[in-house]
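Heads up, input.pdb below (PDB, C-alpha atoms):
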MODEL        1
ATOM      1  CA  MET A   3       0.000   0.000   0.000
ATOM      2  CA  GLY A   4       1.327   3.436  -0.942
ATOM      3  CA  ILE A   5       0.923   6.862   0.603
ATOM      4  CA  VAL A   6      -1.288   9.906   0.256
ATOM      5  CA  ALA A   7       0.524  13.100  -0.786
ATOM      6  CA  VAL A   8      -1.037  16.526  -0.268
ATOM      7  CA  ILE A   9       0.412  19.618  -1.968
ATOM      8  CA  THR A  10      -1.019  22.916  -0.743
ATOM      9  CA  ASN A  11      -0.463  26.469  -1.916
ATOM     10  CA  PRO A  12      -0.720  28.839   1.074
ATOM     11  CA  ASN A  13      -1.083  31.794  -1.311
ATOM     12  CA  ALA A  14      -4.259  30.529  -2.990
ATOM     13  CA  LYS A  15      -7.059  32.944  -2.077
ATOM     14  CA  ARG A  16      -9.211  30.575  -0.062
ATOM     15  CA  ASN A  17      -6.165  29.130   1.685
ATOM     16  CA  ARG A  18      -5.047  32.614   2.743
ATOM     17  CA  LYS A  19      -8.317  32.969   4.645
ATOM     18  CA  GLU A  20      -7.716  29.641   6.427
ATOM     19  CA  ARG A  21      -4.390  30.299   8.156
ATOM     20  CA  ASP A  22      -4.371  26.967   9.995
ATOM     21  CA  ARG A  23      -5.301  24.899   6.949
ATOM     22  CA  PHE A  24      -1.861  23.270   6.640
ATOM     23  CA  GLU A  25      -2.041  22.007  10.235
ATOM     24  CA  LYS A  26      -5.591  20.719   9.700
ATOM     25  CA  LEU A  27      -4.634  18.830   6.541
ATOM     26  CA  GLU A  28      -1.540  17.412   8.251
ATOM     27  CA  SER A  29      -3.680  16.209  11.149
ATOM     28  CA  ILE A  30      -6.131  14.470   8.782
ATOM     29  CA  VAL A  31      -3.366  12.675   6.861
ATOM     30  CA  GLY A  32      -1.417  11.700   9.986
ATOM     31  CA  ASN A  33       1.218   9.029   9.475
ATOM     32  CA  ASP A  34      -0.390   7.744   6.277
ATOM     33  CA  GLY A  35       1.181  10.304   4.000
ATOM     34  CA  ILE A  36       2.838  13.663   3.645
ATOM     35  CA  VAL A  37       1.600  17.266   3.439
ATOM     36  CA  LEU A  38       3.845  19.868   1.812
ATOM     37  CA  GLU A  39       3.485  23.589   1.068
ATOM     38  CA  THR A  40       4.595  25.095  -2.255
ATOM     39  CA  PRO A  41       4.124  28.889  -1.948
ATOM     40  CA  ILE A  42       5.508  29.694  -5.425
ATOM     41  CA  PRO A  43       5.489  27.734  -8.721
ATOM     42  CA  GLU A  44       9.280  27.324  -8.640
ATOM     43  CA  ASP A  45       8.925  25.211  -5.474
ATOM     44  CA  ILE A  46       6.799  22.556  -7.144
ATOM     45  CA  GLN A  47       9.141  20.691  -9.510
ATOM     46  CA  PRO A  48      11.715  19.699  -6.839
ATOM     47  CA  VAL A  49       8.864  18.461  -4.640
ATOM     48  CA  ALA A  50       7.399  16.422  -7.514
ATOM     49  CA  ASP A  51      10.792  14.956  -8.432
ATOM     50  CA  ALA A  52      11.273  13.771  -4.832
ATOM     51  CA  LEU A  53       7.744  12.428  -4.305
ATOM     52  CA  VAL A  54       7.549  10.282  -7.466
ATOM     53  CA  LYS A  55      10.240   8.084  -5.916
ATOM     54  CA  LYS A  56       7.630   7.081  -3.341
ATOM     55  CA  ASN A  57       4.602   4.910  -4.039
ATOM     56  CA  ILE A  58       1.826   7.532  -4.208
ATOM     57  CA  ASP A  59      -1.703   6.129  -4.253
ATOM     58  CA  LEU A  60      -3.425   9.502  -4.148
ATOM     59  CA  LEU A  61      -2.198  13.015  -4.937
ATOM     60  CA  CYS A  62      -4.287  15.818  -3.411
ATOM     61  CA  ILE A  63      -3.786  19.436  -4.496
ATOM     62  CA  CYS A  64      -5.145  22.214  -2.303
ATOM     63  CA  GLY A  65      -5.216  25.473  -4.235
ATOM     64  CA  GLY A  66      -6.911  27.145  -7.152
ATOM     65  CA  ASP A  67      -7.065  26.024 -10.768
ATOM     66  CA  GLY A  68      -3.681  27.627 -11.453
ATOM     67  CA  THR A  69      -2.058  25.735  -8.570
ATOM     68  CA  MET A  70      -3.398  22.492 -10.005
ATOM     69  CA  GLN A  71      -2.061  23.309 -13.471
ATOM     70  CA  HIS A  72       1.447  24.000 -12.145
ATOM     71  CA  THR A  73       1.425  20.958  -9.857
ATOM     72  CA  LEU A  74      -0.001  18.443 -12.335
ATOM     73  CA  SER A  75       2.466  19.654 -14.975
ATOM     74  CA  ALA A  76       5.376  19.156 -12.575
ATOM     75  CA  PHE A  77       4.284  15.638 -11.610
ATOM     76  CA  ILE A  78       3.686  14.595 -15.225
ATOM     77  CA  ARG A  79       7.202  15.731 -16.093
ATOM     78  CA  ALA A  80       8.525  13.816 -13.080
ATOM     79  CA  TYR A  81       6.566  10.707 -14.160
ATOM     80  CA  ASP A  82       7.949  10.995 -17.740
ATOM     81  CA  GLY A  83       4.617  11.889 -19.334
ATOM     82  CA  ALA A  84       2.283   9.707 -17.273
ATOM     83  CA  PHE A  85       0.215  10.243 -14.125
ATOM     84  CA  PRO A  86      -0.226   6.988 -12.145
ATOM     85  CA  PRO A  87      -1.863   8.185  -8.877
ATOM     86  CA  ALA A  88      -5.502   9.052  -8.394
ATOM     87  CA  PHE A  89      -6.059  12.810  -8.085
ATOM     88  CA  LEU A  90      -8.204  14.704  -5.577
ATOM     89  CA  PRO A  91      -8.702  18.453  -6.236
ATOM     90  CA  LEU A  92      -9.181  20.146  -2.876
ATOM     91  CA  ARG A  93     -11.027  23.450  -2.883
ATOM     92  CA  GLY A  94      -8.400  26.044  -1.998
ATOM     93  CA  GLY A  95      -8.942  28.663  -4.707
ATOM     94  CA  THR A  96     -11.728  30.991  -5.755
ATOM     95  CA  MET A  97     -13.350  29.214  -8.721
ATOM     96  CA  ASN A  98     -12.308  25.553  -8.138
ATOM     97  CA  THR A  99     -13.526  24.669 -11.622
ATOM     98  CA  ILE A 100     -12.139  21.138 -11.783
ATOM     99  CA  GLY A 101     -13.670  20.060  -8.471
ATOM    100  CA  LYS A 102     -17.052  21.427  -9.541
ATOM    101  CA  ASN A 103     -16.883  19.505 -12.813
ATOM    102  CA  VAL A 104     -16.693  16.188 -10.950
ATOM    103  CA  GLY A 105     -19.283  17.131  -8.327
ATOM    104  CA  LEU A 106     -17.049  17.774  -5.310
ATOM    105  CA  LYS A 107     -18.589  19.949  -2.602
ATOM    106  CA  GLY A 108     -17.549  21.024   0.858
ATOM    107  CA  SER A 109     -14.278  22.261   2.290
ATOM    108  CA  ALA A 110     -10.804  20.918   1.625
ATOM    109  CA  GLU A 111     -10.760  19.377   5.106
ATOM    110  CA  GLU A 112     -14.149  17.682   4.653
ATOM    111  CA  ASN A 113     -13.211  16.146   1.321
ATOM    112  CA  LEU A 114      -9.795  14.995   2.485
ATOM    113  CA  ALA A 115     -11.193  13.479   5.701
ATOM    114  CA  ARG A 116     -13.857  11.567   3.772
ATOM    115  CA  ILE A 117     -11.379  10.192   1.251
ATOM    116  CA  MET A 118      -8.773   9.329   3.908
ATOM    117  CA  ASP A 119     -11.424   7.334   5.764
ATOM    118  CA  ARG A 120     -12.139   5.309   2.611
ATOM    119  CA  TRP A 121      -8.422   4.881   1.918
ATOM    120  CA  ARG A 122      -7.724   3.583   5.442
ATOM    121  CA  LYS A 123     -10.640   1.150   5.164
ATOM    122  CA  LYS A 124      -9.329   0.069   1.728
ATOM    123  CA  VAL A 125     -12.621   1.068   0.117
ATOM    124  CA  PRO A 126     -12.001   1.857  -3.582
ATOM    125  CA  PHE A 127     -12.271   5.479  -4.641
ATOM    126  CA  GLU A 128     -15.046   6.492  -7.004
ATOM    127  CA  THR A 129     -13.121   8.069  -9.870
ATOM    128  CA  VAL A 130     -13.873   9.578 -13.255
ATOM    129  CA  ARG A 131     -11.462   9.715 -16.197
ATOM    130  CA  ARG A 132     -10.567  13.080 -17.638
ATOM    131  CA  ASP A 133      -7.856  13.744 -20.196
ATOM    132  CA  LEU A 134      -5.510  16.684 -19.906
ATOM    133  CA  MET A 135      -4.462  18.963 -22.744
ATOM    134  CA  CYS A 136      -0.784  19.678 -23.275
ATOM    135  CA  VAL A 137      -0.257  23.300 -24.362
ATOM    136  CA  ASN A 138       3.407  23.424 -25.325
ATOM    137  CA  ASP A 139       4.835  22.235 -21.973
ATOM    138  CA  LYS A 140       1.836  23.012 -19.745
ATOM    139  CA  TYR A 141      -0.841  20.466 -18.812
ATOM    140  CA  CYS A 142      -4.342  21.791 -18.219
ATOM    141  CA  PHE A 143      -8.083  21.129 -18.427
ATOM    142  CA  LEU A 144      -9.083  24.581 -19.752
ATOM    143  CA  PHE A 145      -7.466  26.778 -22.402
ATOM    144  CA  GLY A 146      -8.411  30.052 -24.053
ATOM    145  CA  ILE A 147      -7.277  33.004 -26.163
ATOM    146  CA  GLY A 148      -8.759  36.441 -26.793
ATOM    147  CA  VAL A 149     -11.903  37.229 -24.834
ATOM    148  CA  VAL A 150     -11.188  34.258 -22.548
ATOM    149  CA  ALA A 151      -7.850  35.670 -21.330
ATOM    150  CA  ASN A 152      -9.251  39.211 -21.350
ATOM    151  CA  PHE A 153     -12.149  38.141 -19.127
ATOM    152  CA  LEU A 154      -9.701  36.798 -16.550
ATOM    153  CA  ASP A 155      -7.774  40.083 -16.532
ATOM    154  CA  VAL A 156     -10.963  41.951 -15.638
ATOM    155  CA  TYR A 157     -11.976  39.208 -13.181
ATOM    156  CA  TYR A 158      -8.666  39.321 -11.290
ATOM    157  CA  SER A 159      -8.778  43.125 -11.042
ATOM    158  CA  GLY A 160     -12.186  43.118  -9.324
ATOM    159  CA  ASN A 161     -13.231  43.642  -5.734
ATOM    160  CA  TYR A 162     -14.796  40.221  -5.081
ATOM    161  CA  ASP A 163     -13.825  36.557  -5.267
ATOM    162  CA  GLY A 164     -15.134  33.480  -6.994
ATOM    163  CA  VAL A 165     -18.605  33.251  -8.482
ATOM    164  CA  ARG A 166     -19.623  36.698  -7.206
ATOM    165  CA  GLN A 167     -16.787  38.380  -9.084
ATOM    166  CA  ALA A 168     -17.427  36.384 -12.274
ATOM    167  CA  ILE A 169     -21.117  37.344 -12.243
ATOM    168  CA  ASP A 170     -20.172  40.973 -11.589
ATOM    169  CA  VAL A 171     -17.959  41.001 -14.701
ATOM    170  CA  ILE A 172     -20.694  39.383 -16.826
ATOM    171  CA  ILE A 173     -23.317  41.898 -15.672
ATOM    172  CA  LYS A 174     -21.008  44.856 -16.395
ATOM    173  CA  ALA A 175     -20.053  43.406 -19.781
ATOM    174  CA  ILE A 176     -23.629  43.474 -21.093
ATOM    175  CA  PRO A 177     -24.039  47.291 -21.343
ATOM    176  CA  SER A 178     -20.429  47.602 -22.527
ATOM    177  CA  ILE A 179     -21.288  45.336 -25.480
ATOM    178  CA  ILE A 180     -24.483  47.191 -26.335
ATOM    179  CA  PHE A 181     -23.078  50.712 -26.083
ATOM    180  CA  LYS A 182     -19.351  50.010 -26.624
ATOM    181  CA  ILE A 183     -18.427  51.664 -23.340
ATOM    182  CA  GLY A 184     -16.612  50.777 -20.106
ATOM    183  CA  MET A 185     -14.635  47.553 -20.383
ATOM    184  CA  TYR A 186     -15.473  47.032 -24.077
ATOM    185  CA  ASP A 187     -11.987  47.695 -25.478
ATOM    186  CA  ASP A 188     -10.234  45.692 -22.763
ATOM    187  CA  LEU A 189     -12.604  42.726 -22.842
ATOM    188  CA  PHE A 190     -13.088  42.336 -26.584
ATOM    189  CA  ARG A 191      -9.625  42.951 -28.028
ATOM    190  CA  ARG A 192      -9.338  40.690 -31.043
ATOM    191  CA  VAL A 193      -6.353  38.611 -32.114
ATOM    192  CA  LYS A 194      -5.162  37.511 -35.559
ATOM    193  CA  LEU A 195      -4.204  33.846 -35.697
ATOM    194  CA  ARG A 196      -3.388  31.057 -38.127
ATOM    195  CA  VAL A 197      -4.854  27.768 -36.921
ATOM    196  CA  THR A 198      -4.800  24.143 -38.038
ATOM    197  CA  VAL A 199      -6.754  21.376 -36.332
ATOM    198  CA  ASP A 200      -5.628  17.806 -36.953
ATOM    199  CA  GLY A 201      -3.946  19.004 -40.150
ATOM    200  CA  ASP A 202      -6.868  21.053 -41.523
ATOM    201  CA  PRO A 203      -6.784  24.894 -41.586
ATOM    202  CA  VAL A 204      -9.529  26.767 -39.728
ATOM    203  CA  PRO A 205     -11.094  29.351 -42.126
ATOM    204  CA  ILE A 206     -11.022  32.189 -39.557
ATOM    205  CA  PHE A 207      -8.162  34.663 -39.155
ATOM    206  CA  ASP A 208      -9.541  37.485 -36.983
ATOM    207  CA  TYR A 209     -10.642  36.007 -33.656
ATOM    208  CA  LEU A 210     -12.874  37.160 -30.836
ATOM    209  CA  GLY A 211     -11.770  34.090 -28.929
ATOM    210  CA  VAL A 212     -10.658  30.472 -28.806
ATOM    211  CA  LEU A 213     -11.771  28.115 -26.041
ATOM    212  CA  ALA A 214     -10.879  24.471 -25.442
ATOM    213  CA  ALA A 215     -11.357  21.998 -22.604
ATOM    214  CA  THR A 216     -11.612  18.401 -21.519
ATOM    215  CA  VAL A 217     -14.312  19.325 -18.966
ATOM    216  CA  ALA A 218     -17.778  20.651 -19.780
ATOM    217  CA  GLU A 219     -18.174  23.549 -17.333
ATOM    218  CA  VAL A 220     -15.893  26.581 -17.515
ATOM    219  CA  GLY A 221     -17.298  28.354 -14.443
ATOM    220  CA  VAL A 222     -20.506  29.925 -13.040
ATOM    221  CA  GLY A 223     -22.512  27.071 -14.585
ATOM    222  CA  PHE A 224     -21.562  27.888 -18.192
ATOM    223  CA  LYS A 225     -21.087  24.759 -20.323
ATOM    224  CA  PRO A 226     -20.068  25.860 -23.830
ATOM    225  CA  LEU A 227     -17.795  22.841 -24.293
ATOM    226  CA  TYR A 228     -20.667  20.400 -24.315
ATOM    227  CA  ARG A 229     -18.652  17.747 -26.198
ATOM    228  CA  ALA A 230     -15.593  17.897 -23.938
ATOM    229  CA  GLU A 231     -16.367  14.590 -22.221
ATOM    230  CA  GLU A 232     -17.773  12.860 -25.298
ATOM    231  CA  GLN A 233     -14.728  10.908 -26.486
ATOM    232  CA  ASP A 234     -11.611   9.821 -24.618
ATOM    233  CA  GLY A 235      -8.357  11.039 -26.095
ATOM    234  CA  THR A 236      -9.797  14.305 -27.452
ATOM    235  CA  TYR A 237     -10.649  17.835 -26.366
ATOM    236  CA  HIS A 238     -13.478  20.109 -27.516
ATOM    237  CA  ILE A 239     -12.282  23.360 -29.094
ATOM    238  CA  LEU A 240     -14.297  26.418 -30.197
ATOM    239  CA  PHE A 241     -13.174  29.154 -32.604
ATOM    240  CA  SER A 242     -15.146  32.400 -32.707
ATOM    241  CA  GLY A 243     -14.737  35.162 -35.250
ATOM    242  CA  PHE A 244     -18.104  36.821 -34.658
ATOM    243  CA  ARG A 245     -18.839  40.202 -33.058
ATOM    244  CA  PRO A 246     -19.217  40.859 -29.311
ATOM    245  CA  ILE A 247     -22.917  41.638 -29.840
ATOM    246  CA  ASP A 248     -23.309  38.142 -31.303
ATOM    247  CA  LEU A 249     -21.724  36.703 -28.157
ATOM    248  CA  LEU A 250     -24.451  38.424 -26.150
ATOM    249  CA  LYS A 251     -27.098  36.865 -28.397
ATOM    250  CA  GLU A 252     -25.497  33.452 -27.873
ATOM    251  CA  LEU A 253     -25.190  33.759 -24.093
ATOM    252  CA  HIS A 254     -28.090  31.385 -23.342
ATOM    253  CA  ARG A 255     -26.623  28.696 -25.619
ATOM    254  CA  PHE A 256     -23.205  29.290 -24.079
ATOM    255  CA  TYR A 257     -24.737  28.648 -20.650
ATOM    256  CA  LEU A 258     -26.904  25.654 -21.579
ATOM    257  CA  GLY A 259     -24.251  23.820 -23.569
ATOM    258  CA  LYS A 260     -25.855  24.102 -27.004
ATOM    259  CA  PRO A 261     -24.150  24.669 -30.387
ATOM    260  CA  LEU A 262     -23.582  28.341 -31.191
ATOM    261  CA  GLN A 263     -25.211  29.687 -34.349
ATOM    262  CA  SER A 264     -23.461  33.010 -35.065
ATOM    263  CA  LYS A 265     -20.867  33.161 -37.847
ATOM    264  CA  PRO A 266     -17.986  32.864 -38.384
ATOM    265  CA  PHE A 267     -17.728  30.047 -35.875
ATOM    266  CA  PHE A 268     -16.163  26.603 -35.876
ATOM    267  CA  ASP A 269     -15.980  23.869 -33.248
ATOM    268  CA  THR A 270     -14.814  20.289 -33.208
ATOM    269  CA  LEU A 271     -13.272  17.485 -31.196
ATOM    270  CA  ALA A 272      -9.524  17.611 -31.678
ATOM    271  CA  GLN A 273      -6.271  15.872 -30.856
ATOM    272  CA  HIS A 274      -3.668  18.210 -32.360
ATOM    273  CA  THR A 275      -4.038  21.975 -32.835
ATOM    274  CA  ILE A 276      -1.381  24.452 -33.950
ATOM    275  CA  ILE A 277      -1.979  28.162 -33.318
ATOM    276  CA  GLU A 278       0.419  30.782 -34.701
ATOM    277  CA  SER A 279       0.608  34.562 -35.016
ATOM    278  CA  ASP A 280       3.081  37.160 -36.210
ATOM    279  CA  GLU A 281       2.564  38.968 -32.918
ATOM    280  CA  THR A 282       2.867  37.675 -29.359
ATOM    281  CA  PHE A 283      -0.584  36.782 -28.027
ATOM    282  CA  ARG A 284      -1.825  35.990 -24.545
ATOM    283  CA  TYR A 285      -3.505  32.752 -23.562
ATOM    284  CA  MET A 286      -5.036  31.148 -20.496
ATOM    285  CA  ALA A 287      -4.286  27.666 -19.142
ATOM    286  CA  ASP A 288      -6.399  26.751 -16.089
ATOM    287  CA  GLY A 289      -6.642  30.337 -14.913
ATOM    288  CA  GLU A 290      -2.984  31.273 -15.454
ATOM    289  CA  ILE A 291      -2.071  33.816 -18.152
ATOM    290  CA  TYR A 292       0.912  33.267 -20.476
ATOM    291  CA  GLN A 293       2.060  34.609 -23.836
ATOM    292  CA  ASP A 294       3.677  33.177 -26.966
ATOM    293  CA  LYS A 295       3.696  33.354 -30.771
ATOM    294  CA  LYS A 296       3.094  29.651 -31.407
ATOM    295  CA  LEU A 297       1.225  26.974 -29.486
ATOM    296  CA  GLU A 298       0.874  23.256 -30.051
ATOM    297  CA  ILE A 299      -2.065  21.699 -28.230
ATOM    298  CA  THR A 300      -2.108  17.920 -27.931
ATOM    299  CA  VAL A 301      -3.886  15.428 -25.696
ATOM    300  CA  GLY A 302      -2.085  14.810 -22.425
ATOM    301  CA  PRO A 303      -2.286  11.755 -20.188
ATOM    302  CA  PRO A 304      -5.618  10.635 -18.711
ATOM    303  CA  ILE A 305      -6.169  11.276 -15.013
ATOM    304  CA  ARG A 306      -8.386   9.457 -12.534
ATOM    305  CA  ILE A 307     -10.123  12.207 -10.553
ATOM    306  CA  VAL A 308     -11.644  11.197  -7.224
ATOM    307  CA  ARG A 309     -15.268  12.267  -6.912
ATOM    308  CA  GLY A 310     -16.471  10.450  -3.828
TER     309      GLY A 310
ENDMDL
END

Serialized structure, C-alpha cells:
Amino acid sequence: MGIVAVITNPNAKRNRKERDRFEKLESIVGNDGIVLETPIPEDIQPVADALVKKNIDLLCICGGDGTMQHTLSAFIRAYDGAFPPAFLPLRGGTMNTIGKNVGLKGSAEENLARIMDRWRKKVPFETVRRDLMCVNDKYCFLFGIGVVANFLDVYYSGNYDGVRQAIDVIIKAIPSIIFKIGMYDDLFRRVKLRVTVDGDPVPIFDYLGVLAATVAEVGVGFKPLYRAEEQDGTYHILFSGFRPIDLLKELHRFYLGKPLQSKPFFDTLAQHTIIESDETFRYMADGEIYQDKKLEITVGPPIRIVRG
C-alpha cells in the first residue's frame, strides 16, 4: 500500500483565509502520507521529483485552478509523461472549476477526511477519467485566447472573489457590449491567428476568442464545451470570429451547452491543434495567463479524478 501526498499552496485565495489549513490537513493525513506547502510555482518541480520516488496512491492538491495546473504539470514531467496516482482536487482557490466539474462539494478538510477514511478502510475510490491537454509544456483542463484571457484580466482586477466576481464582470459586460463603453476595449480585443486542427486549416483569421477543454463547465454554470467529455483522447475546441454583440445573443446557448449559431464560428473534437501569429498573443491555461507566438495543443495523459 502506498501513501497519500497533499500539496497545498498557502497563497491561494481561499487558503489565505484559512491560516491553519496546513495544520488541519496534516492532522487528517497523519502518518499515512505527507503534506507539503509550495508557496511559489518554482517550489513545485523539486517536490514532484522527490515524491515520485515514493509509491503515491493519491495526490491531493489544495489550491486554485492555477495551482493544479502547475502541480499536475510538474508531476507529469517527473513521471515521464504519465500520471499513475488518483487525483483529488481540494477546494483552496476561488473558482475551483475542476472540483465542480466532478461534483465535489464542501471544504478541503471535509473532502480529504472523507477520502482518507475510505483509503484507510481500503474502500475503492469512485473516480472519473478526464484527459488533460498539453499546451506546449503546460498540462491543463481549460485553455483560451482572446476574450477568454481578457475576461480573466478583468476578473482578477475586481473587488470580489469566486462566483460573485465572475457574475459581476458578466453583468457589467452586457451594457459595454451594447453601447461600446466601459470595459469594451479591454474585454473584446481581437487577435489575428493562423490555426490548423488535426492538419486542416480553420477558415477564420480574426478572432474574438478560442476556447478548449476536456471538462464541460468553464465556471458559473456555463457549459459551452458540451462535447468535452464525449470521447476519450480528445478535447473540444471552439473558434469564434463573430462580433461581441453576437456573443451576447449566444449567451443562453453558451450557458446551456448548445451549439452556437453566429458566424464565423467553428468547433470540433480535436487531438492536435497548432496556433500561430506574427505577434505575441496571450492565452489562459487553467486560470494562469501566459504569452507566446506559437502553441501546439495535444492530448495529455488521462487522469483518474476522485469524486467520492

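Using only C-alpha atoms, the protein and nucleic acid residues lying at most 8 Å from the point (-17.2, 29.6, -20.5) are A:Val150, A:Leu213, A:Glu219, A:Val220, A:Gly221, A:Phe224, A:Lys225, A:Pro226, A:Leu227, A:Phe256, A:Tyr257.
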
Explicit residues for the PyMOL selection byres ((chain A and resi 135-148) around 7) (as a ChimeraX atom specification) = /A:71,74-75,133-134,149-152,191-193,210-217,284-288,297-302

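Of the residues under consideration (A:Cys62, A:Ala50, A:Ile276, A:Val199), A:Ala50 shows the shortest atom-to-atom contact distance to Arg79 of chain A when counting only C-alpha atoms.
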
Hits of the PyMOL selection byres ((chain A and resi 189) around 8) in this structure, as a ChimeraX atom specification | /A:149,152-153,156,185-188,190-191

Selection result for the PyMOL selection byres ((chain A and resi 204) around 12) on this file, as a count of residues only | 29

Show which residues sit within 9 Å of Pro304 of chain A, as a ChimeraX atom specification. Count all atoms listed in the file, and ignore same-chain residues fewer than 6 positions away.
-> /A:84-85,131-134,234-235

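Residues in contact with Asp248 of chain A at 10 Å, where only C-alpha atoms are counted and same-chain residues fewer than 5 positions away are skipped, are listed as Ile179, Gly243, Leu253, Leu262, Gln263, Ser264 and Lys265 of chain A.
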
Might you pull out every residue within 9 Å of Leu154 of chain A, with all atoms listed in the file counted and same-chain residues fewer than 5 positions away left off, and present them as a PyMOL selection string?
-> chain A and resi 149+159+168+286+289-291

Expected answer as a list in words: all residues with atoms within 12 Å of (-23.6, 46.1, -25.3), all atoms listed in the file =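 With a cut-off of 12 Å, the residues come to Ile172, Ile173, Lys174, Ala175, Ile176, Pro177, Ser178, Ile179, Ile180, Phe181, Lys182, Ile183, Gly184, Met185, Tyr186, Asp187, Leu189, Phe190, Arg245, Pro246, Ile247, Asp248, Leu249, Leu250 and Lys251 of chain A.
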
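As for atom CA of Gly105 of chain A and atom CA of Val308 of chain A, they are spaced 9.7 Å apart.
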